[in-house]
Structures are given as structure tokens and as C-alpha cells.
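Reading through the C-alpha cells given below for one structure.
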Amino acid sequence: MRVAVIGAGVIGLSTALCLHEQYHSLLPNLEVEVYADRFSPHTTSDGAAGLWQPYTSDHGNLQETLWNKETFDHLLGYLGSAAAKDMGLFLISGYNLFTQPVPDPSWKNIVLGFRNLTARELELFPGYSYGWFNTAVMLEGRSYLPWLSNRLTQRGVKFFHRRVESFQELFAQGVDVVINCTGMRAGELQPDPELQPGRGQIIKVVAPWVKHFIITHRTESGIYNSPYVIPGTEFTVLGGINQRGNWNEDNSAQDHQTIWESCCRLLPALQKAKVVQDWSGLRPTRPRVRLERESIRHEQLQAEVIHNYGHGGFGITIHWGCAMAAARLFGTILQEKKLASPP
Amino acid sequence: MAAPRVAVVGAGVVGLSTALCIAETCPGCSVAVLSDQFSPNTTSDVAAGMLIPHSCPGTALHVQKQWFRETFTYLFSISNSAEASEAGIHLVFGWQVFKNSPEEELPFWSDVVLGFRPMAEAELRKFPHHRSGQAFTTLKCDCPLYLLWLEKRLRAAGAQLYTRKVSDLWELHSDYNIVVNCAGIGARQLVGDKELFPVRGQVLKVHAPWVKNFVRDGDGSAYIYPGIHSVTLGGTREKDCWSLSPDPGTSKDIFVRCCSLEPSLQGAQVIEVKVGLRPSRQRVRLEKEVLRQGEVKLPVVHNYGHGADGFSLHWGTAIAAARLVGECIAALQSSSSRAKL
């Protein structure tokens with residue numbers, strides 16, 4: 001049984017790992033392969049700050065809220081372990097700021113210590129009159145992706161550095177199931193008008209005196225189009241750009257100005273921070289995550305594709321829940337082929 | 001009387017902040033800081049600089065609270081300015097956890113720090129050996145940055161800083177009109193204060209930039225304070241111990257206790273081990289005294305004995321000491337004008 005995962009961002013690698021962990025003992029002939037034209041540090045996941053936080057409103061999408069929770073709980077479990085440091089995983093606390101009162105988010109009981117901001121805390125942020133404080137986790141892509149790759153390599157999963165042009169190409173090679181984790185470029189394998197880029201730009205700075213994340217929200221701007229500050233292990237990420245429909249992966253000087261000025265206004269202590277570099281990436285934005293099976297006719301046979309893409313600006317936040325769901329879909333495929341019962 | 005000359009003895013957080021407060025509230029004064037040690041070799045440089053007061057039995061609670069509030073307010077505004085990184089001042093959230101329930105539900109400083117609340121069940125799960133806890137956001141003053149920033153502001157205010165060992169306050173009477181004694185643990189020898197005693201603290205400064213929240217065991221046996229360039233691990237409280245040499249066994253114990261609170265520290269590299277002697281006393285000595293030899297008088301303002309609360313209370317005691325200096329100046333000026341009559 002040959003399974004090919006296309007994509008080596010956080011979704012591709014975690015799905016590959018989850019699948020292998022769950023099925024390799026049930027299926028001795030299971031071969032999992034990862035195909036990608038971009039590997040860490042050149043994936044979208046590498047540019048993300050790595051903060052676990054879903055959007056402020058789930059639009060009633062309970063399924064995604066559950067996947068977010070599964071991911072958070074999974075990561076919490078690793079916190080006390082020796083692996084945490086290598087994974088780039090640690091606890092972090094911080095602020096979400098609003099210009100008016102908003103309902104509590106779906107994830108208020110998932111994170112730790114969720115509460116509203118006090119009046120004195122709000123004094124720190126002129127222009128914002130309401131907010132939350134909570135403890136969540138950071139999972140830095142530039143550590144997590146190599147960690148996932150190491151786990152996969154240890155399990156004998158093979159990596160192929162190449163651009164896959166079609167699902168058929170892999171089926172013709174003898175692949176039985178394709179897991180499509182191609183993120184932003186899923187449309188190149190199968191057109192998907194619902195998948196749109198949400199272009200982001202960030203500035204990496206050195207500001208080790210910043211210990212908390214600060215995410216601002218302005219209803220008129222849309223998510224992540226308002227300044228945010230997220231301190232990592234080595235760098236602090238400044239952001240606040242989310243341009244729908246913009247495919248440009250080059251850094252924009254104007255966006256740099258916008259980010260810099262708005263973040264310094266938000267947090268005056270940033271003014272002396274040393275700018276290291278800018279980075280731009282495309283959030284694979286979709287009204288909902290595409291996580292479903294598709295049967296494709298290939299010659300005389302039925303070939304299976306499991307789609308797992310469209311995680312927008314919450315890929316890291318939701319990745320493990322989606323990986324588990326994709327693994328369950330794989331289990332159903334096995335059952336149908338009468339190869340195995342799901343674990 | 002010409003511009004009053006004020007000598008501040010001591011260049012730790014108390015000495016420098018007191019000198020700065022005097023320079024700012026008494027622009028007519030000339031201020032000099034005299035100390036045998038400057039940053040990075042003061043007791044203050046060893047401390048993590050966290051604004052979490054302890055309860056000092058001898059000082060009235062409302063006074064401690066006022067000093068703490070004044071310090072917190074002052075530093076809070078710096079932390080939210082462009083000066084923050086140079087001054088080494090930043091906010092940090094974290095948890096104080098207790099194996100047994102704490103003596104008091106609400107410490108006196110709970111409404112001065114930000115967002116103080118009891119820890120939730122889910123938060124306590126991270127600390128299986130502890131039964132309860134408090135979560136809050138407070139300020140941290142990183143040394144040597146903060147002391148160097150105070151020194152810079154002092155120079156900008158026209159103050160002079162001299163490396164000089166003062167063996168006896170009286171030796172300053174010919175050059176200065178008023179002496180402010182911020183000698184910390186040095187006051188034991190300098191003014192023979194037997195009520196002042198060291199409480200030895202050993203700390204490890206480690207490289208662990210992924211630690212973003214502080215953790216403190218309410219019994220003081222372990223604490224993890226993330227700073228700008230290092231994380232401070234502690235703590236020990238050895239009463240009457242004068243040794244400034246790091247003890248390797250103690251380092252190991254501190255590391256083990258801290259790893260139990262924060263397992264990710266296993267991967268942390270130790271940068272250095274430091275020892276400081278907390279200048280402890282029943283209460284902070286904050287009062288005037290007049291030294292005399294014959295007709296010659298030397299007004300002294302004492303401001304020492306802050307124990308573990310140097311950073312937590314420094315600006316409040318600096319303001320109080322500066323006020324006492326103001327009273328000394330007024331007394332000198334009135335006696336000098338009487339002398340002219």
C-alpha cells in the first residue's frame with residue numbers, strides 16, 4: 001500500500017506522521033512518501049510566527065473548533081517533555097485587543113486562564129477599549145518542521161524533492177492513495193475557486209524584552225489586517241497584513257512601513273528593536289478547510305485522494321486535528337478495500 | 001549657602017535611584033554618587049529585579065504598599081515607552097504556585113500588579129506538586145541595563161559618579177553638606193548596624209529564550225524569571241551567610257528544583273552563577289540622623305536594609321529619602337541664614 005503525501009508544510013508532514021503512526025503496525029506493507037517542491041525553511045509554515053490561536057469567530061464551524069482543541073491538547077501533552085525544545089514548542093501568554101466589546105471566542109476554554117483585560121491593562125493600549133488575556137502555545141515552524149521530518153525519516157518515510165504536476169502522475173507510478181496537502185497551490189492540481197491567497201507580510205526583529213503576544217482586531221480591517229506582535233525564541237514577529245487575492249510573494253516596502261509604524265504605535269518599546277528581515281507568504285484561505293475524500297478514476301481502477309488544505313491563517317493551530325481526521329479517512333479507505341479495520 | 005552638595009554612598013538600585021530622585025527634585029543641588037562598586041558588581045546586578053514584594057514585618061503594610069505602588073507606576077510608564085529596552089524594563093506574566101495554601105488569600109500588592117487572580121484548574125495541572133496558585137503580570141528590571149540607564153540619567157542631570165570606598169561617613173563632612181547612606185549590606189560595616197544581616201542568594205543565569213512566563217514557588221525555594229538576555233533561576237535564602245562564592249551543590253539543587261517547575265529548562269545552558277547578599281533588616285532604615293564632632297554637624301539620610309525588596313520598593317524609598325534630604329537642606333539653609341543675621 002503506497003501512500004503519497006503532496007506538500008511538506010505543517011499539514012503535509014503532520015498528516016504523514018499521524019498516518020504512519022496509526023497504520024504502520026496494521027499494514028506491514030505500508031509505504032508513505034512525501035513529495036514537495038518546497039521544504040523547510042521555504043514553506044508557508046516557516047514564515048508563520050507559530051502562535052496557536054484560531055480566528056476570533058468560528059462562524060459556527062464546530063468541526064474546526066474540535067480540530068483546534070485536539071491540536072492544543074496534543075501540544076500541551078508535549079510541553080513537559082524533552083522533545084518540546086526541539087519542536088519549538090513553549091507556553092506563551094498575551095493580549096487580544098478590540099475597539100469594542102466582542103463575544104468570547106469558541107476557544108476560550110481550550111486555552112489556559114482566559115479572562116477579560118482589566119482597565120489598567122487597557123491603559124497600555126490607547127485606542128482599544130476591550131480585550132482578552134490568556135496563555136496559549138507557540139509552535140515555531142522552523143523547529144517543528146525539521147522535527148517532524150526527523151520523526152518521519154526515523155520511520156522510514158521517504159522524501160522526494162519534486163513538483164507533482166497531477167494526481168494521475170502519482171497513480172501511474174503505482175501510488176494507491178494521495179494525500180493532498182498542497183496548501184496555497186492546491187488549485188494547480190485541481191481548480192478550486194474557493195481557495196484564495198491571503199497575502200501576509202511580516203518583519204522579524206530582535207526584541208527579547210517583549211514577552212507577550214499582542215494581537216489587535218479591527219472589524220473593518222478583517223483578521224490579521226491589524227497590527228500584531230508575536231515574540232518567538234530568537235525573533236519577534238511583527239505583522240498585520242492580510243491581502244485577499246494578492247498572489248505576490250515579494251516583500252512590499254509600503255507594507256513594511258505600515259507594519260513598522262502600526263506596531264511601534266501599539267508597543268512603543270519596539271522602537272529600538274533591530275530589524276532583521278521581512279518575509280511574505282500566502283495564507284491558503286478558504287471559507288472552510290477542505291478535508292474530504294475524493295475517488296478518481298485512474299485507468300480501470302478507483303484511486304483515492306484525501307484533500308487536506310485551505311487552513312488559512314490557522315494551519316499550525318488546527319494541524320493535528322486535521323491530521324487525525326485525514327488518518328480516519330484513510331482508515332475508511334482501508335476498510336473499503338478490506339485491508340484493515342481502523343485502530 | 002551655596003548649592004547644597006549631596007553625597008550618596010552606594011551605587012546599587014537604591015543608591016542610584018535615590019541620587020536620581022534627589023537630582024530631579026532638588027535641581028539646585030549638586031549630587032555625587034560614591035561607591036566602591038558599580039554595575040555589574042553590585043548586589044542589585046545579581047537580582048532578577050522582579051517586582052514581587054515580600055512582607056517586611058517591621059514596616060507598616062500601608063507604607064510598603066505605597067512604596068511598591070510608586071515603584072510600579074514609575075516603571076510601568078517607562079516599560080511602555082521607547083526607553084523600555086535601554087532601561088531594561090518589561091512586563092512579564094506568570095504564576096506563583098503553592099504546595100500548601102498561602103497564608104493570605106490576597107497579598108497586599110495584588111491590586112498593584114496587573115490582572116491578579118487565582119490560577120484556574122487547567123493552569124494548575126502544569127504544576128502537579130502544587131495545590132493552588134496566583135496568576136498576574138508584573139514588571140522586571142533587568143540588570144545591568146537598568147543600573148546603567150540610571151547612571152546615564154544621573155550624568156544627564158549633572159550628577160558625578162566616583163569609584164571610591166567610603167570607610168566612615170564622617171570622612172565626607174568636609175566635601176559634602178548632606179550624606180545619603182544607600183550602602184546596602186555595606187552599612188553593616190559603614191555605620192555598624194548590627195540589625196542588618198545578609199540573606200545569601202545564589203542564582204543561575206541560563207540561556208532559555210523560549211521561557212516567556214515567570215514561575216515562582218510561593219515558599220521561595222524555586223523561581224524562574226525570564227529576562228532580556230537570560231533567565232534567572234533561584235533561589236536560596238541563607239540567613240547570616242556572608243560567602244560570595246558560588247556553591248556547585250547549591251547550583252545543582254536550584255537547577256533540579258527549577259526543572260521540576262519548568263521541564264523545558266533541561267535543555268538550558270548555564271551562562272553564569274552569581275551570589276548576592278540581600279541586605280536584610282526588620283524594617284528598611286529610612287530616617288535622618290545628624291552626625292556631630294564638636295561644632296561640626298553632618299546630616300545623614302539613611303536608606304538601606306531593603307532585603308529582598310530592593311527592586312520592588314526602590315522608587316518609593318527614593319522619593320521618601322529625597323524628601324528627607326529636602327528637609328535637611330531646608331534646615332541647613334535656615335540655620336545658615338540665622339548665622340548670617
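In the C-alpha cells, each chain is lettered A, B, ... as it comes, each chain's residues begin at 1, and ligands are numbered from 1 in order of appearance.
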| task | Would you kindly return, as a list in words, each protein, DNA or RNA residue with an atom no farther than 10 Å from any atom of Phe38 (chain B), considering only C-alpha atoms and excluding same-chain residues fewer than 4 positions away? | result |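 Using only C-alpha atoms, the neighbours found are Gly10, Ala11, Gly12, Leu16, Val33, Leu34, Thr42, Thr43, Ser44, Asp45, Pro144, Leu147, Leu148, Glu151, Leu161, Tyr162 and Thr163 of chain B.
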Practice item. Identify, on the basis of only C-alpha atoms, every residue whose closest approach to Lys272 (chain A) does not exceed 10 Å; exclude the query and any residue fewer than 5 positions from it along the same chain; express the result as a PyMOL selection string. Key: (chain A and resi 205-207+264) or (chain B and resi 82-86)
List as a list in words the protein and nucleic acid residues near Gly316 (chain B), meaning an atom at most 8 Å away when only C-alpha atoms are counted, but skip any in the same chain fewer than 4 places from it.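 Result of the neighbour search: Gln66, Trp67, Phe68, Arg69, Glu70, Thr71 and Ala320 of chain B.
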Distance table requested - chain B against chain A, cut-off 10 Å, only C-alpha atoms: one row per qualifying residue with the closest atom pair and its distance in Å to one decimal, ordered by chain and rising residue number, as a Markdown table.
```
| residue | atom | partner | partner_atom | distance |
| --- | --- | --- | --- | --- |
| B:Phe76 | CA | A:Leu124 | CA | 9.1 |
| B:Ser77 | CA | A:Leu124 | CA | 8.8 |
| B:Ile78 | CA | A:Ala269 | CA | 8.8 |
| B:Ser79 | CA | A:Ala269 | CA | 6.8 |
| B:Asn80 | CA | A:Ala269 | CA | 5.9 |
| B:Ser81 | CA | A:Pro268 | CA | 5.0 |
| B:Ala82 | CA | A:Ala269 | CA | 4.6 |
| B:Glu83 | CA | A:Ala269 | CA | 6.7 |
| B:Ala84 | CA | A:Ala269 | CA | 5.3 |
| B:Ser85 | CA | A:Ala269 | CA | 6.3 |
| B:Glu86 | CA | A:Lys272 | CA | 8.1 |
| B:Gly88 | CA | A:Trp209 | CA | 7.5 |
| B:Ile89 | CA | A:Trp209 | CA | 7.7 |
| B:His90 | CA | A:Trp209 | CA | 6.0 |
| B:Leu91 | CA | A:Lys211 | CA | 7.3 |
| B:Val92 | CA | A:Lys211 | CA | 6.1 |
| B:Phe93 | CA | A:Ser93 | CA | 7.1 |
| B:Gly94 | CA | A:Ser93 | CA | 8.6 |
| B:Val112 | CA | A:Arg120 | CA | 9.7 |
| B:Val113 | CA | A:Arg120 | CA | 9.5 |
| B:Leu114 | CA | A:Glu121 | CA | 6.6 |
| B:Gly115 | CA | A:Thr118 | CA | 6.3 |
| B:Phe116 | CA | A:Thr118 | CA | 9.7 |
| B:Arg117 | CA | A:Gly113 | CA | 9.4 |
| B:Pro118 | CA | A:Gly113 | CA | 9.5 |
| B:Met119 | CA | A:Gly113 | CA | 7.2 |
| B:Ala120 | CA | A:Gly113 | CA | 6.1 |
| B:Glu121 | CA | A:Gly113 | CA | 8.9 |
| B:Ala122 | CA | A:Leu112 | CA | 6.4 |
| B:Glu123 | CA | A:Leu112 | CA | 5.9 |
| B:Leu124 | CA | A:Leu112 | CA | 9.7 |
| B:Lys126 | CA | A:Gly80 | CA | 8.3 |
| B:Ala135 | CA | A:Gly113 | CA | 8.5 |
| B:Thr137 | CA | A:Glu121 | CA | 9.5 |
| B:Lys140 | CA | A:Trp209 | CA | 9.7 |
| B:Asp142 | CA | A:Trp209 | CA | 9.3 |
| B:Ala208 | CA | A:Thr233 | CA | 8.4 |
| B:Pro209 | CA | A:Thr233 | CA | 5.2 |
| B:Trp210 | CA | A:Thr233 | CA | 4.8 |
| B:Val211 | CA | A:Phe90 | CA | 7.1 |
| B:Lys212 | CA | A:Lys211 | CA | 5.3 |
| B:Asn213 | CA | A:Ile92 | CA | 6.8 |
| B:Pro226 | CA | A:Lys211 | CA | 8.4 |
| B:Gly227 | CA | A:Trp209 | CA | 7.0 |
| B:Ile228 | CA | A:Trp209 | CA | 4.8 |
| B:His229 | CA | A:Pro208 | CA | 7.0 |
| B:Ser230 | CA | A:Pro208 | CA | 9.5 |
| B:Cys259 | CA | A:Gly80 | CA | 9.7 |
| B:Ser260 | CA | A:Gly80 | CA | 9.5 |
| B:Leu261 | CA | A:Gly80 | CA | 9.5 |
| B:Glu262 | CA | A:Gly80 | CA | 7.3 |
| B:Pro263 | CA | A:Gly80 | CA | 5.3 |
| B:Ser264 | CA | A:Gly80 | CA | 6.4 |
| B:Leu265 | CA | A:Lys85 | CA | 8.9 |
| B:Gln266 | CA | A:Ala82 | CA | 7.5 |
| B:Gly267 | CA | A:Lys85 | CA | 7.1 |
| B:Ala268 | CA | A:Lys85 | CA | 9.4 |
```
**Request:** Any chance you could list, as a list in words, the residues in region 136-259 of chain B that come up alpha helix (DSSP H) when DSSP is run on the backbone?
**Result:**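 Answer for region 136-259 of chain B, restricted to alpha helix (DSSP H): Leu145, Tyr146, Leu147, Leu148, Trp149, Leu150, Glu151, Lys152, Arg153, Leu154, Arg155, Ala156, Ala187, Arg188, Gln189, Leu190, Pro248, Gly249, Thr250, Ser251, Lys252, Asp253, Ile254, Phe255, Val256, Arg257, Cys258 and Cys259 of chain B.
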Limited to C-alpha atoms, could you put the picked residues into a file as a PDB file, in the first residue's frame?
```pdb
ATOM      1  CA  LEU B 145      20.721  47.542  31.883  1.00  0.00           C
ATOM      2  CA  TYR B 146      18.580  49.298  34.482  1.00  0.00           C
ATOM      3  CA  LEU B 147      21.521  50.428  36.595  1.00  0.00           C
ATOM      4  CA  LEU B 148      23.431  51.638  33.537  1.00  0.00           C
ATOM      5  CA  TRP B 149      20.359  53.570  32.437  1.00  0.00           C
ATOM      6  CA  LEU B 150      20.054  55.174  35.885  1.00  0.00           C
ATOM      7  CA  GLU B 151      23.744  56.111  35.693  1.00  0.00           C
ATOM      8  CA  LYS B 152      23.173  57.681  32.278  1.00  0.00           C
ATOM      9  CA  ARG B 153      20.214  59.699  33.560  1.00  0.00           C
ATOM     10  CA  LEU B 154      22.233  60.796  36.568  1.00  0.00           C
ATOM     11  CA  ARG B 155      25.016  62.116  34.383  1.00  0.00           C
ATOM     12  CA  ALA B 156      22.475  63.875  32.199  1.00  0.00           C
ATOM     13  CA  ALA B 187      26.024  49.570  56.018  1.00  0.00           C
ATOM     14  CA  ARG B 188      26.796  46.838  58.475  1.00  0.00           C
ATOM     15  CA  GLN B 189      30.412  47.912  58.496  1.00  0.00           C
ATOM     16  CA  LEU B 190      29.962  51.511  57.406  1.00  0.00           C
ATOM     17  CA  PRO B 248      28.272  23.941  42.994  1.00  0.00           C
ATOM     18  CA  GLY B 249      25.993  21.732  45.106  1.00  0.00           C
ATOM     19  CA  THR B 250      23.582  24.623  45.507  1.00  0.00           C
ATOM     20  CA  SER B 251      23.637  25.259  41.761  1.00  0.00           C
ATOM     21  CA  LYS B 252      22.658  21.674  41.118  1.00  0.00           C
ATOM     22  CA  ASP B 253      19.823  21.846  43.640  1.00  0.00           C
ATOM     23  CA  ILE B 254      18.474  25.064  42.173  1.00  0.00           C
ATOM     24  CA  PHE B 255      18.572  23.595  38.682  1.00  0.00           C
ATOM     25  CA  VAL B 256      16.742  20.449  39.777  1.00  0.00           C
ATOM     26  CA  ARG B 257      14.042  22.390  41.629  1.00  0.00           C
ATOM     27  CA  CYS B 258      13.511  24.715  38.680  1.00  0.00           C
ATOM     28  CA  CYS B 259      13.359  21.874  36.158  1.00  0.00           C
TER      29      CYS B 259
END
```
Quick one: residues within 9 Å of Ile271 (chain B), only C-alpha atoms counted, chain neighbours fewer than 4 positions away excluded, as a ChimeraX atom specification?
/B:204-207,230
Save out the residues we just selected, N, CA, C and O atoms, as a JSON list (two decimals), in the first residue's frame.
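File written: again.json
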```
[["chain", "number", "residue", "atom", "x", "y", "z"],
["B", 204, "LEU", "N", 21.30, 31.15, 39.12],
["B", 204, "LEU", "CA", 21.89, 30.73, 37.85],
["B", 204, "LEU", "C", 21.28, 31.61, 36.76],
["B", 204, "LEU", "O", 20.07, 31.81, 36.74],
["B", 205, "LYS", "N", 22.12, 32.15, 35.90],
["B", 205, "LYS", "CA", 21.60, 32.84, 34.72],
["B", 205, "LYS", "C", 21.75, 31.86, 33.56],
["B", 205, "LYS", "O", 22.88, 31.41, 33.27],
["B", 206, "VAL", "N", 20.63, 31.46, 32.97],
["B", 206, "VAL", "CA", 20.70, 30.45, 31.92],
["B", 206, "VAL", "C", 20.14, 31.02, 30.61],
["B", 206, "VAL", "O", 19.39, 31.99, 30.60],
["B", 207, "HIS", "N", 20.52, 30.34, 29.52],
["B", 207, "HIS", "CA", 20.03, 30.72, 28.20],
["B", 207, "HIS", "C", 18.82, 29.84, 27.89],
["B", 207, "HIS", "O", 18.97, 28.64, 27.64],
["B", 230, "SER", "N", 18.74, 36.59, 29.49],
["B", 230, "SER", "CA", 18.91, 35.32, 30.20],
["B", 230, "SER", "C", 17.70, 35.09, 31.08],
["B", 230, "SER", "O", 16.88, 35.99, 31.29]]
```
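Using only C-alpha atoms, the protein and nucleic acid residues lying no more than 9 Å from Ser166 (chain A), apart from those fewer than 3 places from it along its own chain, are Glu169, Leu170, Glu188, Leu189 and Gln190 of chain A.
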Based on the backbone DSSP call, show me all residues of region 139-170 of chain B assigned strand (DSSP E or B), as a PyMOL selection string.
chain B and resi 139-141+160-163
Counting only C-alpha atoms, what is within 9 Å of Ala16 (chain A), bar same-chain residues fewer than 4 positions away, as number ranges by chain? A: 3-5, 11-12, 20-21, 32-34, 152, 157, 179, 323, 327
Any idea what's packed within 10 Å of region 324-332 of chain B, counting only C-alpha atoms, ignoring anything in its chain fewer than 3 positions away? Could you give it as a PyMOL selection string?
chain B and resi 1+3-6+22+25-26+29+177-180+286-290+297-302+318-321+335-338
Here CA of Lys239 (chain B) and CA of Gln269 (chain B) stand apart by 28.7 Å
